[in-house]
Protein chains: 4
Amino acid sequence: MQDFNPTDYNIPDDFQHYPGDPAEDSLGPFFYRQAGDQLEAALSVQARHCNIMGGTHGGILMTMADYCLATPLFLDHPAGVLTVSCNCDFVGASQEGDLIIGRAEITRRGKSLAFTRCTLSVDKRTILTANGVIKPLQQR
Amino acid sequence: MQDFNPTDYNIPDDFQHYPGDPAEDSLGPFFYRQAGDQLEAALSVQARHCNIMGGTHGGILMTMADYCLATPLFLDHPAGVLTVSCNCDFVGASQEGDLIIGRAEITRRGKSLAFTRCTLSVDKRTILTANGVIKPLQQR
Amino acid sequence: MQDFNPTDYNIPDDFQHYPGDPAEDSLGPFFYRQAGDQLEAALSVQARHCNIMGGTHGGILMTMADYCLATPLFLDHPAGVLTVSCNCDFVGASQEGDLIIGRAEITRRGKSLAFTRCTLSVDKRTILTANGVIKPLQQR
Amino acid sequence: MQDFNPTDYNIPDDFQHYPGDPAEDSLGPFFYRQAGDQLEAALSVQARHCNIMGGTHGGILMTMADYCLATPLFLDHPAGVLTVSCNCDFVGASQEGDLIIGRAEITRRGKSLAFTRCTLSVDKRTILTANGVIKPLQQR
């Protein structure tokens, strides 16, 4: 199982990588850290993350949004979580070389569903806002 | 510029690849064909598209949704298009080996914005529905 | 408990009113009929449904979308249903005197959640598309 | 043109009513005030705002969300604004007698589109989160 080092991507070394998700590693890698009540995520934008116009591809940004929305719950539910619904607004642009920071917070943990929101930004400039409905799976 | 052959992915040979988008090739590759009024897209799910639980990663599905929502307009706007907003509902599961077919239609082409919807399915079972607001860029 | 007659609103008489929801009556009234696999809904736009610019207010349209998304499930779940998430795209305009027809279909009925989509239109011109995640309540 | 007084609805008297929108008055009335960078909105839930199960109707909540998302821009664009897209997550319940406070902020004002987010809450308990894409109309 491959692991990744944040500093190889110019990401502060208090971020960590959650190993074992093939798609997240192939699309990212993404890193996270706990910052008070919020989860923070980081992605260093590389050429392969960019679209034909040179901006970070919307799919990469939505993948990072999904990572931000689901990870805070996933860390508490080792049986896994499912994203039920995800809405993304593409507020601004980013490009190769940018460090994207995601910040997520849980709006509500219900019995069967949780609601989370996140913001992706580059140098404090918001580039995407997202919100999700997440279903924690029950341990069998 | 790398190109891809649909038959290498067990995708029918009347699908084609739009070359030149690094992220779409790194995340997909995705293929498309025109089917009457609809655009159809195809992705053959590989291990690297899957999450830690063995299902197709939500980020890959949202990337494919974005591809479905934007491509019908992109084909008509060589100056490019921007996704303004994208909403995805994760209706069902898929996994390695599945052939995901996306079907998109343009709900409305306005002067400055267009609205599109799409459905992703495996063997006619819907796995995701999405809708997007797309902004065609003006040729300079 | 107040009931309403569709023909008082120039709505075909095979539409019916579901009595007992104060908000739906105050905001609508809305009417529905089963049309094959789809539920159809109707609203006759009156001056009090319109915004300061003379168009049907977005809140009325979203209320009608919610009605379309939830009613197909509500009819099968007398214990009630909850809308978990609702996304609306405002595709076109409508105004006083228009007859808005909604068409909804259930994308998937899961064990704990259902997914539905709907379209609102005037004279076959789409004015809104919406999709929702709906939670049927369990009978106690 | 009818006007409304916040104190008639047990709403603090520094909230004000924007007169002239028939639907908002018929559905609300809603009130707003500027609170630093944020716009705050208020609704006092009455029986006619409630659904058949006794909770505030989702349509009323989405109408209030739309009011929160659009008003901050509307106040600056007397030519009017259009809601392009609105996504609502129903995080918690409310009922007759509750005072719902909405808080909205503009994520980004672009040249042709703006992005806003809002939260509705009762006694600091979040009951709905929403985000919208808003198009300011140009003065002719």
# chains A, B, ... in the order shown; residues from 1 in each chain; ligands from 1
$ residues_around --residues "D:Ser112" --least-positions-apart "6" --cutoff "9 Å" --atoms "only C-alpha atoms" --output "list in words"
Ser112 of chain B; Ile134, Lys135, Pro136 and Leu137 of chain D
$ write_last_selection --atoms "N, CA, C and O atoms" --output "PDB file, in the first residue's frame"
ATOM      1  N   SER B 112     -26.061  33.692 -22.151  1.00  0.00           N
ATOM      2  CA  SER B 112     -24.782  33.669 -21.443  1.00  0.00           C
ATOM      3  C   SER B 112     -24.563  32.370 -20.677  1.00  0.00           C
ATOM      4  O   SER B 112     -23.434  32.066 -20.289  1.00  0.00           O
TER       5      SER B 112
ATOM      6  N   ILE D 134     -26.297  33.620  -8.504  1.00  0.00           N
ATOM      7  CA  ILE D 134     -27.209  34.747  -8.718  1.00  0.00           C
ATOM      8  C   ILE D 134     -26.692  35.609  -9.870  1.00  0.00           C
ATOM      9  O   ILE D 134     -25.500  35.887  -9.952  1.00  0.00           O
ATOM     10  N   LYS D 135     -27.616  35.993 -10.729  1.00  0.00           N
ATOM     11  CA  LYS D 135     -27.239  36.834 -11.876  1.00  0.00           C
ATOM     12  C   LYS D 135     -27.842  38.224 -11.690  1.00  0.00           C
ATOM     13  O   LYS D 135     -29.060  38.374 -11.751  1.00  0.00           O
ATOM     14  N   PRO D 136     -26.981  39.230 -11.464  1.00  0.00           N
ATOM     15  CA  PRO D 136     -27.505  40.597 -11.393  1.00  0.00           C
ATOM     16  C   PRO D 136     -27.892  41.060 -12.796  1.00  0.00           C
ATOM     17  O   PRO D 136     -27.147  40.834 -13.750  1.00  0.00           O
ATOM     18  N   LEU D 137     -29.046  41.686 -12.897  1.00  0.00           N
ATOM     19  CA  LEU D 137     -29.471  42.206 -14.205  1.00  0.00           C
ATOM     20  C   LEU D 137     -28.833  43.568 -14.436  1.00  0.00           C
ATOM     21  O   LEU D 137     -28.601  44.327 -13.498  1.00  0.00           O
TER      22      LEU D 137
END
$ interface_residues --of "chain A" --to "chain B" --cutoff "9 Å" --atoms "only C-alpha atoms" --output "PyMOL selection string"
chain A and resi 19-27+47-54+56-67+80+82-91
$ atom_distance --atom1 "atom CA of B:Thr119" --atom2 "atom CA of B:Gly28"
17.1 Å
$ closest_residue --among "B:Phe74, B:Phe4, B:Phe31, B:Tyr9" --to "B:Gly97" --atoms "only C-alpha atoms"
B:Tyr9
$ select_by_dssp --residues "stretch 55-124 of chain C" --states "strand (DSSP E)" --output "tab-separated table (two decimals) with N, CA and C atoms, in the first residue's frame"
chain	number	residue	atom	x	y	z
C	81	VAL	N	-42.91	11.86	4.61
C	81	VAL	CA	-41.57	11.85	3.99
C	81	VAL	C	-40.88	13.18	4.35
C	82	LEU	N	-39.55	13.14	4.37
C	82	LEU	CA	-38.78	14.36	4.59
C	82	LEU	C	-37.91	14.62	3.38
C	83	THR	N	-37.85	15.86	2.93
C	83	THR	CA	-36.88	16.23	1.91
C	83	THR	C	-35.54	16.44	2.61
C	84	VAL	N	-34.53	15.72	2.17
C	84	VAL	CA	-33.19	15.83	2.75
C	84	VAL	C	-32.39	16.90	2.02
C	85	SER	N	-32.49	16.90	0.71
C	85	SER	CA	-31.73	17.83	-0.10
C	85	SER	C	-32.51	18.12	-1.37
C	86	CYS	N	-32.43	19.33	-1.86
C	86	CYS	CA	-33.15	19.71	-3.07
C	86	CYS	C	-32.31	20.71	-3.85
C	87	ASN	N	-32.09	20.42	-5.11
C	87	ASN	CA	-31.33	21.31	-5.97
C	87	ASN	C	-32.21	21.78	-7.11
C	88	CYS	N	-32.26	23.09	-7.33
C	88	CYS	CA	-33.12	23.65	-8.38
C	88	CYS	C	-32.31	24.53	-9.33
C	89	ASP	N	-32.51	24.32	-10.63
C	89	ASP	CA	-31.92	25.20	-11.64
C	89	ASP	C	-33.06	25.96	-12.31
C	90	PHE	N	-32.90	27.27	-12.35
C	90	PHE	CA	-33.96	28.15	-12.88
C	90	PHE	C	-33.69	28.39	-14.36
C	99	LEU	N	-49.95	28.33	-16.78
C	99	LEU	CA	-50.23	27.05	-16.14
C	99	LEU	C	-48.91	26.29	-16.11
C	100	ILE	N	-48.39	26.09	-14.91
C	100	ILE	CA	-47.13	25.35	-14.77
C	100	ILE	C	-47.45	23.89	-14.52
C	101	ILE	N	-46.85	23.04	-15.34
C	101	ILE	CA	-47.01	21.59	-15.15
C	101	ILE	C	-45.68	21.01	-14.69
C	102	GLY	N	-45.73	20.25	-13.61
C	102	GLY	CA	-44.54	19.56	-13.11
C	102	GLY	C	-44.61	18.09	-13.45
C	103	ARG	N	-43.48	17.52	-13.79
C	103	ARG	CA	-43.43	16.07	-14.05
C	103	ARG	C	-42.28	15.49	-13.23
C	104	ALA	N	-42.61	14.48	-12.43
C	104	ALA	CA	-41.61	13.91	-11.52
C	104	ALA	C	-41.49	12.43	-11.73
C	105	GLU	N	-40.28	11.93	-11.57
C	105	GLU	CA	-40.13	10.48	-11.56
C	105	GLU	C	-39.13	10.08	-10.49
C	106	ILE	N	-39.36	8.90	-9.95
C	106	ILE	CA	-38.49	8.36	-8.92
C	106	ILE	C	-37.31	7.70	-9.62
C	107	THR	N	-36.12	8.19	-9.37
C	107	THR	CA	-34.93	7.58	-9.97
C	107	THR	C	-34.60	6.27	-9.28
C	108	ARG	N	-34.70	6.29	-7.96
C	108	ARG	CA	-34.44	5.06	-7.20
C	108	ARG	C	-35.11	5.11	-5.83
C	109	ARG	N	-35.72	4.00	-5.47
C	109	ARG	CA	-36.25	3.81	-4.12
C	109	ARG	C	-35.27	2.93	-3.38
C	114	ALA	N	-34.77	7.80	-1.00
C	114	ALA	CA	-35.18	7.73	-2.40
C	114	ALA	C	-34.65	8.96	-3.13
C	115	PHE	N	-34.48	8.82	-4.43
C	115	PHE	CA	-33.98	9.90	-5.28
C	115	PHE	C	-35.05	10.21	-6.33
C	116	THR	N	-35.40	11.47	-6.45
C	116	THR	CA	-36.40	11.84	-7.45
C	116	THR	C	-35.92	13.06	-8.25
C	117	ARG	N	-36.46	13.19	-9.45
C	117	ARG	CA	-36.15	14.34	-10.31
C	117	ARG	C	-37.46	14.91	-10.83
C	118	CYS	N	-37.46	16.20	-11.12
C	118	CYS	CA	-38.65	16.75	-11.75
C	118	CYS	C	-38.30	17.90	-12.68
C	119	THR	N	-39.25	18.20	-13.52
C	119	THR	CA	-39.15	19.31	-14.47
C	119	THR	C	-40.44	20.11	-14.36
C	120	LEU	N	-40.32	21.43	-14.31
C	120	LEU	CA	-41.51	22.29	-14.40
C	120	LEU	C	-41.50	22.94	-15.78
C	121	SER	N	-42.68	22.99	-16.39
C	121	SER	CA	-42.71	23.60	-17.72
C	121	SER	C	-44.01	24.36	-17.93
C	122	VAL	N	-43.97	25.28	-18.88
C	122	VAL	CA	-45.14	26.03	-19.33
C	122	VAL	C	-45.22	25.82	-20.83
$ atom_distance --atom1 "atom CA of C:Leu73" --atom2 "atom CA of C:His17"
15.8 Å
$ atom_distance --atom1 "atom CA of A:Gln139" --atom2 "atom CA of C:Gly110"
19.1 Å
$ closest_residue --among "D:Gln34, D:Gln2, D:Thr126, D:Thr7" --to "D:Cys68" --atoms "only C-alpha atoms"
D:Gln34
$ select_by_dssp --residues "chain A" --states "helix (DSSP H, G or I)" --output "ChimeraX atom specification"
/A:6-9,22-27,47-49,58-74
$ decode --residues "stretch 39-75 of chain A" --atoms "C-alpha atoms" --output "PDB file, in the first residue's frame"
ATOM      1  CA  LEU A  39     -10.730  19.319   8.828  1.00  0.00           C
ATOM      2  CA  GLU A  40      -8.239  20.860   6.444  1.00  0.00           C
ATOM      3  CA  ALA A  41      -7.161  19.202   3.210  1.00  0.00           C
ATOM      4  CA  ALA A  42      -4.366  20.029   0.789  1.00  0.00           C
ATOM      5  CA  LEU A  43      -3.644  19.409  -2.882  1.00  0.00           C
ATOM      6  CA  SER A  44      -0.667  20.656  -4.836  1.00  0.00           C
ATOM      7  CA  VAL A  45      -1.912  21.229  -8.398  1.00  0.00           C
ATOM      8  CA  GLN A  46       0.160  19.454 -11.042  1.00  0.00           C
ATOM      9  CA  ALA A  47      -0.105  19.537 -14.852  1.00  0.00           C
ATOM     10  CA  ARG A  48      -2.046  16.270 -14.877  1.00  0.00           C
ATOM     11  CA  HIS A  49      -4.772  17.900 -12.727  1.00  0.00           C
ATOM     12  CA  CYS A  50      -5.408  20.571 -15.337  1.00  0.00           C
ATOM     13  CA  ASN A  51      -7.885  20.839 -18.175  1.00  0.00           C
ATOM     14  CA  ILE A  52      -7.366  21.766 -21.790  1.00  0.00           C
ATOM     15  CA  MET A  53      -7.544  25.462 -20.896  1.00  0.00           C
ATOM     16  CA  GLY A  54      -4.817  25.209 -18.246  1.00  0.00           C
ATOM     17  CA  GLY A  55      -7.026  25.492 -15.170  1.00  0.00           C
ATOM     18  CA  THR A  56      -7.476  22.861 -12.464  1.00  0.00           C
ATOM     19  CA  HIS A  57     -10.060  20.430 -13.849  1.00  0.00           C
ATOM     20  CA  GLY A  58     -13.523  20.626 -12.302  1.00  0.00           C
ATOM     21  CA  GLY A  59     -13.424  16.882 -11.695  1.00  0.00           C
ATOM     22  CA  ILE A  60     -10.289  17.202  -9.561  1.00  0.00           C
ATOM     23  CA  LEU A  61     -11.877  20.036  -7.591  1.00  0.00           C
ATOM     24  CA  MET A  62     -15.074  18.043  -7.042  1.00  0.00           C
ATOM     25  CA  THR A  63     -12.995  15.034  -6.010  1.00  0.00           C
ATOM     26  CA  MET A  64     -11.205  17.204  -3.474  1.00  0.00           C
ATOM     27  CA  ALA A  65     -14.573  18.588  -2.313  1.00  0.00           C
ATOM     28  CA  ASP A  66     -15.856  15.032  -1.846  1.00  0.00           C
ATOM     29  CA  TYR A  67     -12.674  14.213   0.100  1.00  0.00           C
ATOM     30  CA  CYS A  68     -13.265  17.256   2.331  1.00  0.00           C
ATOM     31  CA  LEU A  69     -16.939  16.472   2.861  1.00  0.00           C
ATOM     32  CA  ALA A  70     -16.501  12.771   3.613  1.00  0.00           C
ATOM     33  CA  THR A  71     -13.183  12.562   5.490  1.00  0.00           C
ATOM     34  CA  PRO A  72     -14.348  14.206   8.749  1.00  0.00           C
ATOM     35  CA  LEU A  73     -16.984  11.495   9.044  1.00  0.00           C
ATOM     36  CA  PHE A  74     -14.854   8.700   7.641  1.00  0.00           C
ATOM     37  CA  LEU A  75     -12.277   9.233  10.391  1.00  0.00           C
TER      38      LEU A  75
END
